[in-house]
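Shown below: run_18.txt, with compact mmCIF, C-alpha atoms.
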# COMPACT_ATOMS: atom_id res chain seq x y z
CA MET A 1 20.82 -11.81 -9.33
CA ILE A 2 17.77 -13.56 -7.95
CA LEU A 3 19.77 -14.86 -5.00
CA ALA A 4 21.10 -11.39 -4.27
CA VAL A 5 17.59 -9.92 -4.35
CA VAL A 6 16.20 -12.70 -2.14
CA ALA A 7 19.08 -12.26 0.32
CA ALA A 8 18.48 -8.51 0.44
CA LEU A 9 14.77 -9.07 1.01
CA ALA A 10 15.45 -11.59 3.76
CA PHE A 11 17.82 -9.19 5.46
CA GLN A 12 15.40 -6.29 5.02
CA THR A 13 12.42 -8.15 6.51
CA THR A 14 14.07 -10.13 9.29
CA LEU A 15 17.61 -9.37 10.36
CA ALA A 16 17.67 -5.61 9.78
CA ARG A 17 15.15 -4.87 12.55
CA PHE A 18 17.26 -6.77 15.05
CA VAL A 19 20.60 -5.28 13.98
CA VAL A 20 19.98 -1.55 13.82
CA ARG A 21 17.06 0.53 15.06
CA GLY A 22 15.77 2.57 12.15
CA ALA A 23 17.44 0.25 9.64
CA ALA A 24 14.06 -0.05 7.96
CA ALA A 25 14.78 3.30 6.28
CA ILE A 26 17.42 1.62 4.12
CA ASP A 27 16.09 -0.09 1.00
CA LEU A 28 18.56 -2.94 0.59
CA VAL A 29 16.69 -4.32 -2.41
CA LEU A 30 17.11 -1.02 -4.23
CA VAL A 31 20.83 -1.09 -3.38
CA VAL A 32 21.09 -4.54 -4.98
CA VAL A 33 19.19 -3.40 -8.09
CA VAL A 34 21.50 -0.40 -8.60
CA TYR A 35 24.58 -2.54 -7.91
CA VAL A 36 23.49 -5.12 -10.50
CA ALA A 37 22.62 -2.39 -13.02
CA LEU A 38 26.02 -0.69 -12.64
CA THR A 39 27.84 -4.01 -12.89
CA PHE A 40 25.92 -5.79 -15.64
CA GLY A 41 24.21 -3.05 -17.67
CA PRO A 42 20.69 -1.77 -18.41
CA THR A 43 19.02 -5.03 -19.54
CA THR A 44 20.06 -6.98 -16.45
CA GLY A 45 19.37 -3.90 -14.34
CA LEU A 46 15.82 -3.50 -15.56
CA LEU A 47 15.04 -7.22 -15.27
CA THR A 48 16.45 -7.32 -11.73
CA GLY A 49 14.49 -4.18 -10.91
CA THR A 50 11.29 -5.72 -12.25
CA PHE A 51 11.74 -8.95 -10.30
CA ALA A 52 12.80 -7.22 -7.08
CA GLY A 53 10.07 -4.58 -7.26
CA LEU A 54 7.30 -7.06 -7.97
CA VAL A 55 8.39 -9.31 -5.11
CA GLN A 56 8.49 -6.32 -2.75
CA ASP A 57 5.06 -5.24 -3.95
CA ALA A 58 3.69 -8.72 -3.42
CA LEU A 59 5.04 -8.74 0.12
CA SER A 60 3.68 -5.28 0.87
CA THR A 61 0.11 -4.13 1.21
CA GLY A 62 0.29 -1.74 -1.74
CA VAL A 63 -0.53 -1.99 -5.43
CA ILE A 64 1.47 -4.68 -7.22
CA GLY A 65 3.42 -3.02 -10.02
CA ILE A 66 4.15 0.42 -8.62
CA GLY A 67 7.33 -0.63 -6.82
CA GLY A 68 8.09 -2.88 -9.80
CA LEU A 69 7.85 0.00 -12.25
CA ALA A 70 9.90 2.29 -9.99
CA LYS A 71 12.70 -0.26 -9.67
CA THR A 72 12.54 -1.11 -13.38
CA VAL A 73 13.07 2.56 -14.27
CA VAL A 74 15.90 2.85 -11.74
CA GLY A 75 17.56 -0.40 -12.88
CA PHE A 76 17.40 0.62 -16.53
CA LEU A 77 18.67 4.16 -16.03
CA ALA A 78 21.40 3.12 -13.58
CA GLY A 79 22.51 0.56 -16.18
CA ILE A 80 22.63 3.27 -18.85
CA VAL A 81 24.67 5.49 -16.52
CA GLY A 82 27.00 2.56 -15.84
CA THR A 83 27.66 2.06 -19.54
CA GLN A 84 27.98 5.75 -20.43
CA PHE A 85 30.10 7.05 -17.53
CA ILE A 86 33.04 5.80 -15.51
CA VAL A 87 31.68 4.90 -12.11
CA ALA A 88 34.65 3.01 -10.72
CA ASN A 89 35.31 5.37 -7.80
CA SER A 90 33.42 5.84 -4.58
CA VAL A 91 32.24 9.40 -5.26
CA PRO A 92 30.52 8.73 -8.61
CA ARG A 93 29.03 5.56 -7.15
CA PHE A 94 27.72 7.51 -4.17
CA VAL A 95 26.12 10.00 -6.56
CA VAL A 96 24.51 7.21 -8.61
CA PHE A 97 23.10 5.44 -5.54
CA PHE A 98 21.86 8.76 -4.13
CA GLY A 99 20.26 9.78 -7.43
CA ALA A 100 18.77 6.32 -7.96
CA THR A 101 17.08 6.43 -4.53
CA ALA A 102 15.72 9.92 -5.21
CA LEU A 103 14.42 8.81 -8.63
CA HIS A 104 12.88 5.68 -7.10
CA ALA A 105 11.12 7.78 -4.46
CA ALA A 106 9.89 10.23 -7.11
CA VAL A 107 8.41 7.49 -9.31
CA PHE A 108 7.04 5.44 -6.39
CA MET A 109 5.51 8.32 -4.45
CA GLY A 110 4.49 10.13 -7.64
CA LEU A 111 2.49 7.15 -8.88
CA TYR A 112 0.79 6.65 -5.52
CA ALA A 113 -0.06 10.34 -5.32
CA LEU A 114 -1.23 10.39 -8.96
CA LEU A 115 -3.57 7.49 -8.33
CA ASP A 116 -4.73 9.11 -5.07
CA LEU A 117 -3.83 6.00 -3.06
CA ARG A 118 -1.29 7.35 -0.57
CA HIS A 119 -0.18 10.81 0.42
CA PHE A 120 3.40 11.40 1.43
CA GLY A 121 3.23 15.03 2.53
CA THR A 122 6.66 16.64 2.22
CA PRO A 123 9.03 13.67 2.26
CA TYR A 124 12.21 15.53 1.20
CA ALA A 125 14.09 15.00 4.46
CA ALA A 126 13.10 11.32 4.68
CA VAL A 127 14.09 10.70 1.05
CA ALA A 128 17.39 12.53 1.50
CA GLY A 129 18.12 10.42 4.59
CA GLN A 130 17.25 7.21 2.82
CA ALA A 131 19.26 8.20 -0.26
CA THR A 132 22.32 8.94 1.87
CA ALA A 133 21.97 5.66 3.79
CA ASN A 134 21.47 3.66 0.58
CA ALA A 135 24.46 5.39 -1.04
CA VAL A 136 26.73 4.61 1.91
CA VAL A 137 25.61 0.97 1.97
CA GLY A 138 26.01 0.73 -1.82
CA VAL A 139 29.52 2.18 -1.88
CA VAL A 140 30.62 -0.06 1.01
CA ALA A 141 29.10 -3.09 -0.74
CA PHE A 142 31.03 -2.26 -3.93
CA ARG A 143 34.28 -1.92 -1.99
CA LEU A 144 33.71 -5.17 -0.12
CA VAL A 145 32.94 -7.12 -3.28
CA GLU A 146 36.04 -5.69 -4.95
CA LEU A 147 38.29 -6.44 -1.97
CA LEU A 148 37.00 -9.85 -0.85
CA PRO A 149 38.00 -12.13 -3.80
CA GLY A 150 41.73 -11.28 -3.53
CA ALA A 151 41.82 -10.81 0.24
CA VAL A 152 42.87 -14.40 1.09
CA GLU A 153 45.60 -14.47 -1.55
CA ARG A 154 46.94 -11.08 -0.44
CA ARG A 155 47.03 -12.24 3.19
CA ARG A 156 49.01 -15.37 2.22
CA ALA A 157 51.42 -13.32 0.12
CA ASP A 158 52.01 -10.90 3.00
CA ARG A 159 52.71 -13.79 5.42
CA SER A 160 55.17 -15.50 3.07
CA ARG A 161 56.95 -12.17 2.51
CA LEU A 162 57.29 -11.71 6.30
CA ARG A 163 58.76 -15.23 6.71
CA ARG A 164 61.52 -14.48 4.21
CA MET B 1 26.55 -1.22 -34.60
CA ALA B 2 26.21 -4.20 -32.27
CA LEU B 3 26.28 -1.86 -29.26
CA LEU B 4 23.53 0.23 -30.81
CA ASP B 5 21.52 -2.94 -31.40
CA ILE B 6 21.91 -4.00 -27.77
CA ARG B 7 20.89 -0.53 -26.56
CA GLN B 8 17.87 -0.54 -28.84
CA ARG B 9 16.90 -3.99 -27.63
CA SER B 10 17.18 -3.01 -23.98
CA GLY B 11 15.17 0.13 -24.77
CA TYR B 12 12.39 -1.93 -26.35
CA LEU B 13 12.51 -4.36 -23.44
CA PHE B 14 12.26 -1.43 -21.02
CA LEU B 15 9.21 -0.07 -22.85
CA ALA B 16 7.57 -3.50 -22.89
CA VAL B 17 8.21 -4.09 -19.19
CA ALA B 18 7.05 -0.57 -18.27
CA LEU B 19 3.85 -1.07 -20.29
CA GLY B 20 3.31 -4.39 -18.55
CA HIS B 21 3.64 -2.70 -15.19
CA ILE B 22 1.21 0.05 -16.14
CA LEU B 23 -1.36 -2.52 -17.23
CA LEU B 24 -0.81 -4.47 -14.01
CA ILE B 25 -1.25 -1.34 -11.89
CA SER B 26 -4.30 -0.24 -13.85
CA ALA B 27 -5.96 -3.60 -13.37
CA GLN B 28 -5.80 -3.22 -9.59
CA VAL B 29 -6.45 0.45 -9.04
CA ASN B 30 -9.97 1.74 -8.71
CA SER B 31 -10.84 5.12 -10.13
CA ARG B 32 -12.78 7.70 -8.12
CA THR B 33 -16.02 6.10 -9.33
CA GLY B 34 -14.91 2.76 -7.86
CA VAL B 35 -14.24 1.15 -11.24
CA PRO B 36 -10.71 -0.16 -12.02
CA VAL B 37 -8.69 2.27 -14.18
CA LEU B 38 -7.94 -0.38 -16.83
CA GLU B 39 -11.63 -1.22 -17.05
CA ARG B 40 -12.47 2.49 -17.26
CA VAL B 41 -9.91 3.17 -20.00
CA THR B 42 -10.84 0.03 -21.96
CA SER B 43 -14.50 0.81 -21.53
CA GLY B 44 -13.86 4.40 -22.62
CA VAL B 45 -12.01 3.33 -25.78
CA PHE B 46 -14.62 0.75 -26.71
CA GLY B 47 -17.33 3.22 -25.79
CA GLU B 48 -16.02 5.63 -28.42
CA LEU B 49 -15.97 2.82 -30.98
CA GLN B 50 -19.51 1.88 -30.08
CA ARG B 51 -20.55 5.52 -30.31
CA ALA B 52 -19.16 5.75 -33.85
CA LEU B 53 -20.89 2.55 -34.92
CA SER B 54 -24.09 3.54 -33.21
CA GLY B 55 -24.07 6.93 -34.96
CA SER B 56 -23.78 5.25 -38.35
CA PHE B 57 -26.83 3.14 -37.77
CA SER B 58 -28.92 5.67 -35.88
CA GLY B 59 -30.37 7.22 -39.05
CA VAL B 60 -31.66 3.89 -40.27
CA ARG B 61 -33.04 2.99 -36.86
CA ASN B 62 -34.82 6.35 -36.47
CA ALA B 63 -36.51 5.93 -39.83
CA TRP B 64 -37.64 2.46 -38.82
CA SER B 65 -39.03 3.48 -35.43
CA GLY B 66 -40.62 6.66 -36.78
CA TYR B 67 -42.59 5.07 -39.57
CA ILE B 68 -42.84 1.28 -39.54
CA GLY B 69 -42.41 0.91 -35.78
CA LEU B 70 -45.41 3.24 -35.16
CA ARG B 71 -47.67 0.27 -35.68
CA HIS B 72 -46.43 -1.24 -32.40
CA VAL B 73 -47.18 1.79 -30.19
CA LYS B 74 -50.49 0.48 -28.78
CA VAL B 75 -48.99 -2.91 -27.89
CA GLU B 76 -46.03 -1.19 -26.26
CA ASN B 77 -48.33 1.13 -24.29
CA ASP B 78 -50.23 -1.81 -22.79
CA GLN B 79 -46.97 -3.51 -21.91
CA LEU B 80 -45.68 -0.37 -20.13
CA LYS B 81 -48.88 -0.09 -18.07
CA ARG B 82 -48.42 -3.67 -16.85
CA GLN B 83 -44.78 -2.93 -15.98
CA LEU B 84 -45.80 0.18 -14.00
CA ALA B 85 -48.31 -1.83 -11.96
CA ALA B 86 -45.66 -4.46 -11.16
CA SER B 87 -43.19 -1.72 -10.11
CA GLU B 88 -45.72 -0.21 -7.69
CA VAL B 89 -46.15 -3.59 -5.99
CA ALA B 90 -42.33 -4.01 -5.75
CA LEU B 91 -42.06 -0.54 -4.19
CA GLN B 92 -44.53 -1.49 -1.46
CA GLU B 93 -42.46 -4.62 -0.74
CA GLN B 94 -39.26 -2.55 -0.46
CA ARG B 95 -40.93 -0.14 2.00
CA ALA B 96 -41.96 -3.07 4.19
CA LEU B 97 -38.40 -4.46 4.07
CA ALA B 98 -36.94 -1.08 5.07
CA ASP B 99 -39.26 -0.92 8.12
CA ARG B 100 -38.14 -4.38 9.16
CA THR B 101 -34.45 -3.41 8.80
CA ARG B 102 -34.95 -0.34 11.01
CA GLY B 103 -36.49 -2.57 13.69
CA LEU B 104 -33.55 -4.97 13.55
CA GLU B 105 -31.09 -2.06 13.85
CA LYS B 106 -32.78 -1.01 17.10
CA LEU B 107 -32.53 -4.56 18.40
CA LEU B 108 -28.79 -4.64 17.59
CA GLU B 109 -28.20 -1.41 19.47
CA MET B 110 -29.76 -2.90 22.56
CA ARG B 111 -27.69 -6.06 22.52
CA GLU B 112 -25.17 -6.27 25.37
CA HIS B 113 -21.40 -6.22 24.73
CA LEU B 114 -19.45 -9.45 24.90
CA PRO B 115 -15.91 -9.71 26.41
CA LEU B 116 -13.03 -9.70 23.87
CA LYS B 117 -11.37 -12.90 22.77
CA THR B 118 -7.72 -12.61 21.76
CA THR B 119 -5.00 -14.81 20.29
CA ALA B 120 -1.32 -14.20 20.99
CA ALA B 121 0.98 -13.99 17.97
CA GLU B 122 4.66 -13.34 17.43
CA ILE B 123 6.12 -10.88 14.93
CA ILE B 124 8.36 -12.75 12.51
CA GLY B 125 9.10 -10.12 9.88
CA ALA B 126 9.09 -6.45 9.02
CA ALA B 127 8.00 -4.65 5.83
CA ALA B 128 9.66 -5.60 2.55
CA THR B 129 9.90 -1.96 1.60
CA PRO B 130 10.50 1.04 3.89
CA ASP B 131 7.56 2.89 2.35
CA PHE B 132 5.05 0.63 4.09
CA ARG B 133 4.80 0.16 7.85
CA THR B 134 3.77 -3.47 8.11
CA VAL B 135 4.83 -6.52 10.12
CA THR B 136 4.31 -10.23 9.60
CA LEU B 137 2.74 -12.45 12.28
CA ASP B 138 3.44 -16.15 12.80
CA LYS B 139 -0.28 -17.02 12.68
CA GLY B 140 -2.78 -17.01 9.84
CA THR B 141 -6.16 -18.30 8.70
CA HIS B 142 -5.18 -21.73 10.04
CA ASP B 143 -5.36 -20.20 13.53
CA GLY B 144 -8.66 -18.45 12.90
CA LEU B 145 -7.26 -15.07 11.86
CA ARG B 146 -9.21 -13.01 9.34
CA ALA B 147 -8.72 -9.71 7.53
CA ASP B 148 -9.59 -6.50 9.43
CA MET B 149 -9.07 -8.02 12.87
CA ALA B 150 -7.62 -5.54 15.38
CA ILE B 151 -4.10 -6.06 16.67
CA ILE B 152 -3.33 -4.78 20.16
CA SER B 153 -0.54 -5.00 22.71
CA PRO B 154 -0.48 -4.35 26.46
CA ALA B 155 0.63 -0.78 25.67
CA GLY B 156 -2.21 -0.06 23.24
CA VAL B 157 -3.41 -0.33 19.67
CA VAL B 158 -0.92 -1.77 17.16
CA GLY B 159 -2.82 -1.97 13.87
CA ARG B 160 -5.11 -4.16 11.82
CA LEU B 161 -4.70 -7.43 9.98
CA VAL B 162 -4.69 -6.82 6.23
CA VAL B 163 -3.41 -9.91 4.41
CA PRO B 164 -4.04 -13.23 6.15
CA SER B 165 -2.26 -16.26 4.70
CA PHE B 166 -2.57 -19.87 5.86
CA ARG B 167 0.19 -19.76 8.47
CA SER B 168 1.14 -16.07 8.58
CA ALA B 169 -0.51 -12.70 8.30
CA GLN B 170 0.45 -9.14 7.44
CA VAL B 171 -0.46 -6.36 9.81
CA GLN B 172 -0.73 -2.72 8.82
CA LEU B 173 0.66 -0.73 11.73
CA LEU B 174 -1.28 2.29 12.92
CA VAL B 175 1.69 4.48 11.90
CA ASP B 176 1.38 3.45 8.21
CA ARG B 177 0.36 6.27 5.89
CA ASN B 178 -2.86 4.49 4.93
CA ALA B 179 -3.86 3.46 8.46
CA ALA B 180 -6.64 5.16 10.40
CA ALA B 181 -8.77 4.53 13.46
CA GLY B 182 -11.83 6.17 14.97
CA ALA B 183 -10.69 7.93 18.14
CA ILE B 184 -11.88 10.01 21.07
CA VAL B 185 -10.13 12.15 23.64
CA GLU B 186 -10.60 10.23 26.90
CA ARG B 187 -11.07 13.32 29.09
CA SER B 188 -13.35 15.51 26.97
CA ARG B 189 -14.85 12.79 24.68
CA ALA B 190 -14.00 14.91 21.60
CA GLN B 191 -14.19 12.70 18.51
CA GLY B 192 -11.86 12.44 15.53
CA VAL B 193 -9.87 10.10 13.35
CA VAL B 194 -6.29 9.10 14.12
CA VAL B 195 -4.19 8.59 10.99
CA GLY B 196 -0.64 7.38 10.47
CA GLY B 197 2.01 9.48 8.82
CA GLY B 198 4.61 6.88 7.89
CA ASP B 199 6.94 7.99 10.71
CA GLU B 200 6.74 7.42 14.46
CA LYS B 201 3.97 9.99 15.04
CA LEU B 202 0.21 9.93 14.52
CA SER B 203 -2.15 12.79 13.83
CA MET B 204 -5.73 13.19 14.99
CA GLU B 205 -7.89 14.77 12.32
CA TYR B 206 -11.43 16.10 12.01
CA VAL B 207 -11.43 17.37 15.60
CA SER B 208 -13.61 20.44 15.82
CA GLU B 209 -11.90 23.77 16.50
CA ILE B 210 -14.13 24.28 19.56
CA SER B 211 -13.30 20.86 21.04
CA ASP B 212 -11.50 20.66 24.36
CA VAL B 213 -8.11 19.04 23.66
CA VAL B 214 -4.88 19.83 25.50
CA VAL B 215 -1.33 18.48 25.43
CA GLY B 216 -1.11 15.32 27.54
CA ASP B 217 -4.67 14.11 26.86
CA ILE B 218 -4.99 10.38 26.28
CA ILE B 219 -6.51 9.29 22.97
CA VAL B 220 -8.47 6.04 22.91
CA THR B 221 -10.33 4.13 20.21
CA SER B 222 -13.96 5.10 19.70
CA GLY B 223 -15.00 1.75 18.22
CA ILE B 224 -17.02 3.34 15.41
CA ASP B 225 -14.72 2.12 12.63
CA GLY B 226 -15.80 -1.50 13.03
CA ILE B 227 -12.22 -2.71 13.43
CA TYR B 228 -10.82 -1.56 16.77
CA PRO B 229 -12.73 -2.29 19.97
CA LYS B 230 -13.77 0.75 22.00
CA GLY B 231 -11.58 2.18 24.76
CA PHE B 232 -8.10 0.97 23.82
CA VAL B 233 -5.26 3.45 24.21
CA ILE B 234 -3.82 4.89 20.99
CA GLY B 235 -1.46 7.49 22.43
CA ARG B 236 -1.03 10.82 24.13
CA VAL B 237 -1.51 14.31 22.65
CA GLU B 238 1.86 15.92 22.04
CA GLN B 239 0.93 19.05 20.13
CA VAL B 240 -2.27 20.98 19.40
CA GLU B 241 -2.42 23.61 16.66
CA LYS B 242 -5.01 25.47 14.67
CA ASN B 243 -5.58 23.95 11.24
CA GLY B 244 -7.72 26.24 9.11
CA THR B 245 -11.04 27.41 10.45
CA ALA B 246 -12.90 24.20 11.20
CA TYR B 247 -10.43 21.68 12.64
CA LYS B 248 -7.51 21.38 15.02
CA ARG B 249 -4.21 19.82 14.04
CA ILE B 250 -3.28 17.36 16.77
CA VAL B 251 -0.02 15.38 16.91
CA VAL B 252 -0.27 12.15 18.89
CA LYS B 253 2.61 10.13 20.25
CA PRO B 254 1.67 6.44 19.99
CA SER B 255 1.60 4.49 23.26
CA VAL B 256 3.17 1.52 21.46
CA ASP B 257 6.87 1.46 20.54
CA PHE B 258 6.49 0.01 17.04
CA SER B 259 10.22 -0.57 16.56
CA ALA B 260 10.41 -2.84 19.63
CA LEU B 261 7.31 -4.96 19.11
CA GLU B 262 7.80 -8.71 19.44
CA GLN B 263 4.47 -10.16 20.55
CA VAL B 264 0.95 -8.89 19.96
CA LEU B 265 -2.66 -9.92 20.58
CA VAL B 266 -5.12 -10.44 17.75
CA VAL B 267 -8.69 -9.55 18.69
CA THR B 268 -10.82 -12.37 17.28
CA THR B 269 -14.14 -11.09 18.64
CA PRO B 270 -15.87 -8.97 16.01
CA THR B 271 -16.57 -5.41 17.16
CA PRO B 272 -20.25 -4.43 17.51
CA ALA B 273 -20.05 -2.18 14.42
CA LYS B 274 -18.61 -5.00 12.30
CA GLU B 275 -21.15 -7.53 13.60
CA GLY B 276 -23.89 -5.15 12.58
CA ALA B 277 -22.41 -4.79 9.11
CA VAL B 278 -22.09 -8.56 8.68
CA ALA B 279 -25.64 -9.12 9.85
CA GLY B 280 -26.84 -6.51 7.38
CA VAL B 281 -25.00 -8.19 4.52
CA SER B 282 -26.18 -11.70 5.39
CA GLU B 283 -29.80 -10.56 5.40
Do you think you could lay out the structure here as C-alpha cells?
Amino acid sequence: MILAVVAALAFQTTLARFVVRGAAAIDLVLVVVVYVALTFGPTTGLLTGTFAGLVQDALSTGVIGIGGLAKTVVGFLAGIVGTQFIVANSVPRFVVFFGATALHAAVFMGLYALLDLRHFGTPYAAVAGQATANAVVGVVAFRLVELLPGAVERRRADRSRLRR
Amino acid sequence: MALLDIRQRSGYLFLAVALGHILLISAQVNSRTGVPVLERVTSGVFGELQRALSGSFSGVRNAWSGYIGLRHVKVENDQLKRQLAASEVALQEQRALADRTRGLEKLLEMREHLPLKTTAAEIIGAAATPDFRTVTLDKGTHDGLRADMAIISPAGVVGRLVVPSFRSAQVQLLVDRNAAAGAIVERSRAQGVVVGGGDEKLSMEYVSEISDVVVGDIIVTSGIDGIYPKGFVIGRVEQVEKNGTAYKRIVVKPSVDFSALEQVLVVTTPTPAKEGAVAGVSE
C-alpha cells in the first residue's frame, strides 16, 4: 500500500507534468486510495487514505490534516461500498471512483471554506472533470491489474496452441 | 458475528483517526482572532470550568474584601498613586520613541533603490495535490533562499517562495487560490490586487469603478506587498466587467505559461517594503 501511494505521489509530482498537459487535474493518490479500499476493505482503505492524505498535505502548502481527513473518509466509505456491493464490473467501479472524487472534493473544499482558509468559488465543472478523469484512470488501472498477472501465461498458451 | 466485530472495529478506528485529524487541523488553524482553534476551544472549555469554580468562591472573596480587606485601602491607594506616576513617565518615553520612528521612516523613503540580485533555479516537481498550484525548486536555504522571496521568469512574475528546505523549496504560483500580489495597470496607474483562482487565469480586485482599465492593458507589480519587486509584468487584461457598485471585475491572462515552466529566477534582494518591515522589527 505504502509503495503504491509513494509511486502515485512520485508520478503525480514529477512524471505527470511531462507526460500530459493538464494531467495535474488527476489525483492519482486518490485513485490509489479508492483502489486499495475497494480491494482490501474499509480498515485498509482508511489507513491508506490517512497515510496518503497526510503525505500530500505535508508536501503541499495547506493545513496538514485536511487532505488526510478527506482521504480517510473516502477510503473508509469506499471500503464499506466494496464490502456491501458487487463492484467487479467497470460501470460500478466508474461510479465509485466518480463518487469518491466528488466526496473528497466536498470534504476537502468544505473544510477549507469552513475554516475560511481558501475559497473555491463554483468548482462544479472542475470537480466533475477531475472525477471523470480519476474514474477513467481507476477503471483502467483495475482492468490492467486484473489482466497483467495471467497475460504471460495466456500468451504462451496461445503460441503453443498455434504450433499444434 | 465476526464480520460485525470487524465492522465495529473499523468504525471505531475511523472515528479515532478522524478525531486525530480534527485535532491536528485545529492545532494549526488560526481563528478570526488570530488564536489557533484548538487553543480557543480548549481555552473556552477550561474557561467555563474556571468560571464555575470562580463563582463558587466569589461569595467568600467578596465578604473578605468588603469587610476585612477594607483595612488595606489606604496602603493600596498609596501604591496606586506611585504606579500612576511611573505610567506617566513611561508614556513620555513612548512618545519620544514614536517621534524617532517617524524620522527613521522618512529616512527609509529617501533611500535609493538597489539593483535586483537573482539566483537561477530549476523546477524539479509539481504539486502533490491538484488543489494547490505549487512547484518545487532544486535550491533551498543552502543556496541562500528564504521564505517570501519573489520568483520571476523572463516572461513575468511566477510566484513566491513559501516553504524553503535545505536543498529544495516550494513555490506558490501566482495562479494558486491563496496567492496575491499588489498590482497596477501600467498605462493608467490604477491600483489593485491580483489574485489567483486555481485555474490558468488571474483576477484583479479592488480596482475602483472609476479607474481607467481597458482590455489589453498590461498589469505590472506595484511593489507594495513587500514580496514582488515593482514593475514586473503579471499579465494582460482580458476582460473588464462591473462588479457591484465600487469595484471592477478584471480578468487577467498571466504572461507566464505556468504549465511549461522549467527554469525560474529567485529574487534574493529584499524589496524596499520588506526591508522597511525588517528594520522596524529589528529596532
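Minimum atom-to-atom distance to Thr134 of chain B, evaluated using all atoms listed in the file, belongs to A:Leu59 out of A:Ile86, A:Ala157, A:Leu59, A:Ile26.
Reported to one decimal place, the separation of atom CA of Phe14 of chain B from atom CA of Ala78 of chain A is 12.6 Å.
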Restrict the distance test to all atoms listed in the file, flag each residue of chain B within 7 Å of chain A, and return the flagged residues as a list in words.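 Taken together, these residues fit the definition: Ser10, Phe14, Ala18, His21, Leu24, Ile25, Gln28, Gly125, Ala126, Ala127, Ala128, Thr129, Pro130, Phe132, Arg177 and Asn178 of chain B.
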Keeping only C-alpha atoms, take the residues you just selected and write them out as a PDB file, in the frame of the given file.
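The resulting part.pdb:
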ATOM      1  CA  SER B  10      17.180  -3.010 -23.980  1.00  0.00           C
ATOM      2  CA  PHE B  14      12.260  -1.430 -21.020  1.00  0.00           C
ATOM      3  CA  ALA B  18       7.050  -0.570 -18.270  1.00  0.00           C
ATOM      4  CA  HIS B  21       3.640  -2.700 -15.190  1.00  0.00           C
ATOM      5  CA  LEU B  24      -0.810  -4.470 -14.010  1.00  0.00           C
ATOM      6  CA  ILE B  25      -1.250  -1.340 -11.890  1.00  0.00           C
ATOM      7  CA  GLN B  28      -5.800  -3.220  -9.590  1.00  0.00           C
ATOM      8  CA  GLY B 125       9.100 -10.120   9.880  1.00  0.00           C
ATOM      9  CA  ALA B 126       9.090  -6.450   9.020  1.00  0.00           C
ATOM     10  CA  ALA B 127       8.000  -4.650   5.830  1.00  0.00           C
ATOM     11  CA  ALA B 128       9.660  -5.600   2.550  1.00  0.00           C
ATOM     12  CA  THR B 129       9.900  -1.960   1.600  1.00  0.00           C
ATOM     13  CA  PRO B 130      10.500   1.040   3.890  1.00  0.00           C
ATOM     14  CA  PHE B 132       5.050   0.630   4.090  1.00  0.00           C
ATOM     15  CA  ARG B 177       0.360   6.270   5.890  1.00  0.00           C
ATOM     16  CA  ASN B 178      -2.860   4.490   4.930  1.00  0.00           C
TER      17      ASN B 178
END
Just give me the gap between atom CA of Val256 of chain B and atom CA of Val213 of chain B in Å, one decimal is fine.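 Taking atom CA of Val256 of chain B as the start and atom CA of Val213 of chain B as the end point, the length is 21.0 Å.
Between atom CA of Tyr247 of chain B and atom CA of Val194 of chain B lies a distance of 13.3 Å.
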Residues at most 10 Å from Ser188 of chain B, counting only C-alpha atoms, excluding those fewer than 6 positions away in the same chain, as a list in words? Ser211, Asp212, Val213, Val214, Asp217 and Ile218 of chain B
Output C-alpha atoms for every residue in the selection just made, as a tab-separated table (two decimals), in the coordinates of the input.
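So part.tsv came out as:
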chain	number	residue	atom	x	y	z
B	211	SER	CA	-13.30	20.86	21.04
B	212	ASP	CA	-11.50	20.66	24.36
B	213	VAL	CA	-8.11	19.04	23.66
B	214	VAL	CA	-4.88	19.83	25.50
B	217	ASP	CA	-4.67	14.11	26.86
B	218	ILE	CA	-4.99	10.38	26.28
